[in-house]
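Student: The structure under discussion is supplied below as structure tokens; questions concerning it will follow.
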Amino acid sequence: MKLSELFTKTIKEAPKDEASKNAQLLIQAGFVHKEMAGVYTFLPLGLRVIEKIKDIIREELNKIGACELKMTALQQKNIWEKTDRWDEKKVDDWFRTTLKNGTELGLAFTHEEPLTNIMKNYISSYKDLPVYAYQFQTKFRNELRAKSGIMRGKEFIMKDLYDFSLNKEEHDKFYEKMKEVYMKIFNRIGIGDKTYLTMSSGGSFSKYSFEFQTLSDAGEDVILYDEKKKIAINKDDYSEEIFTDFNLKKEELNFKEAKSIEVGDIYTLGEKYSKALGLTYKDKNGEEKIVYMGSYGIGIPRLMGTVVEIFNDEKGIIWPESVAPFKAHLLSLNQNEKAEELYKNLEQAGIEVLYDDREISAGEKFADADLIGCPLRLVISKKTLKEDSIELKKRGSDDVEIIKIKDLINILDSR
RNA sequence: CGGGGUGUGGCCUAGUUGGCUAAGGCGCAUCGUUUGGGACGAUGAGAUCCCGGGUUCGAGUCCCGGCACCCCGACCA
């Protein structure tokens with residue numbers, strides 16, 4: 001993409017109505033636009049990051065046999081009444097609306113009920129199970145207070161996966177597998193070493209559940225974690241009982257306490273929704289059984305915000321390559337003819353490059369490249385062209401390499 | 001939802017006990033100089049001072065009501 005064609009611009013000063021680092025940097029660099037408190041538009045650069053994150057998740061989920069679908073945000077009241085989650089006293093963060101004829105609708109804050117209801121059409125035999133279905137969908141949550149920039153919005157994209165299993169055993173196996181898949185995802189996104197599988201209370205359906213917590217001062221949670229053993233407990237749920245229940249020896253653990261961001265969670269739902277909505281199957285003996293469920297969530301913008309919180313410096317964002325909007329940022333210092341040619345060659349070679357072809361000063365180009373934060377910076381100038389070369393610098397490092405243009409594509413491919 | 005704070009061109013800010021045509025920086029436009037770390041000079045465009053009401057000869061400034069945004073807390077399938 002050429003910067004001259006990108007309509008967004010960077011701004012020098014952080015907007016005054018944002019206190020969190022992630023929103024400040026993302027707005028300054030032109031990745032997001034704030035519509036209102038807790039509601040953000042993803043601009044072209046931001047959308048690219050969102051899509052990168054989604055692709056990683058999609059790849060890992062497809063590998064374990066999950067199927068992607070996309071449900072609706074508009075929800076009928078009657079489905080939610082069946083599980084007693086329509087009542088505002090039970091779930092107070094509904095956004096509601098009405099049809100012209102007065103019918104009440106809700107804007108989904110989660111999708112257990114409608115998906116369970118859909119599955120009634122397709123699950124009737126043990127042969128139909130298990131089913132693993134997921135989507136990337138907008139959730140609406142009427143939070144009393146938005147905070148933490150893009151990390152806790154009133155409207156946000158969530159990856160939510162649901163497992164429909166024969167029984168608890170089959171669900172448990174999948175649940176364990178998902179723990180690994182989630183860690184794989186967080187590793188690929190670059191935050192794995194700071195992310196802990198964290199024990200917490202199970203919400204309404206089971207005694208315990210697990211969260212994935214990423215260490216960061218920007219977090220809203222506090223966890224106790226053992227760095228070496230990679231074991232963590234949410235401070236809110238810390239109890240003597242938890243040690244017994246998980247068969248842990250307290251004296252063998254070396255806990256530190258730190259703030260953290262909940263980047264994912266996995267829940268056992270059991271039969272709660274399937275029972276309420278009548279999702280059953282016939283087993284081998286023709287007996288009717290209730291489907292056993294679990295749900296697995298990752299907030300995509302929150303994950304993006306977490307990456308920004310962790311990877312930045314005084315100059316801007318430092319994207320891990322896996323989620324960077326572009327692999328390389330090409331700056332032309334008054335050498336647009338050569339730069340254009342190089343840009344085309346890089347694109348043809350399948351290298352994602354953001355090309356700064358604007359007629360502005362070198363300083364501004366450098367500053368923008370640092371702020372936007374692509375992993376590799378390529379500079380082409382009179383100086384480098386004298387040696388048929390280009391300058392290559394990694395964002396976040398001070399080392400500069402001079403590379404022959406003819407070798408560039410091979411070198412970029414190998415990094 | 002409780003407490004605290006803020007609201008002035010696209011962005012960041014100044015604006016005194018109420019007083020003249022609302023000021024500066026960034027950004028934008030034009031011209032010239034500059035050209036590897038947000039360059040410089042000149043000229044110019046751009047503002048229902050959050051909204052509504054009130055007090056006053058006169059309101060960005062004071063009073064009342066509302067809205068939005070930020071922070072702390074509570075809340076967070």
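We label chains A, B, ... in the order they appear in the structure tokens, count residues from 1 in each chain, and number ligands from 1 in the order shown.
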List every residue of chain A that has an atom at most 6 Å from any atom of chain B, and for each one report the closest atom pair and its distance in Å to one decimal, counting only C-alpha atoms (C1' of nucleotides), with rows sorted by chain and then by increasing residue number, as CSV.

Tutor:
```
residue,atom,partner,partner_atom,distance
A:Asp17,CA,B:C70,C1',5.7
A:Gly363,CA,B:G37,C1',4.2
A:Glu364,CA,B:G38,C1',4.6
```

Student: Using only C-alpha atoms (C1' of nucleotides), which residues sit within 12 Å of A42 of chain B once same-chain residues fewer than 3 positions away are excluded, as a PyMOL selection string?

Tutor: chain B and resi 30-33

Student: Between atom CA of Glu227 of chain A and atom CA of Phe243 of chain A, what is the spacing in Å?

Tutor: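 Distance reported for this atom pair: 17.3 Å.
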
Student: Which neighbours of Val291 of chain A fall inside 6 Å, counting only C-alpha atoms (C1' of nucleotides), when residues of the same chain fewer than 5 positions from it are skipped, and could you give them as a ChimeraX atom specification?

Tutor: /A:165-166,274,280
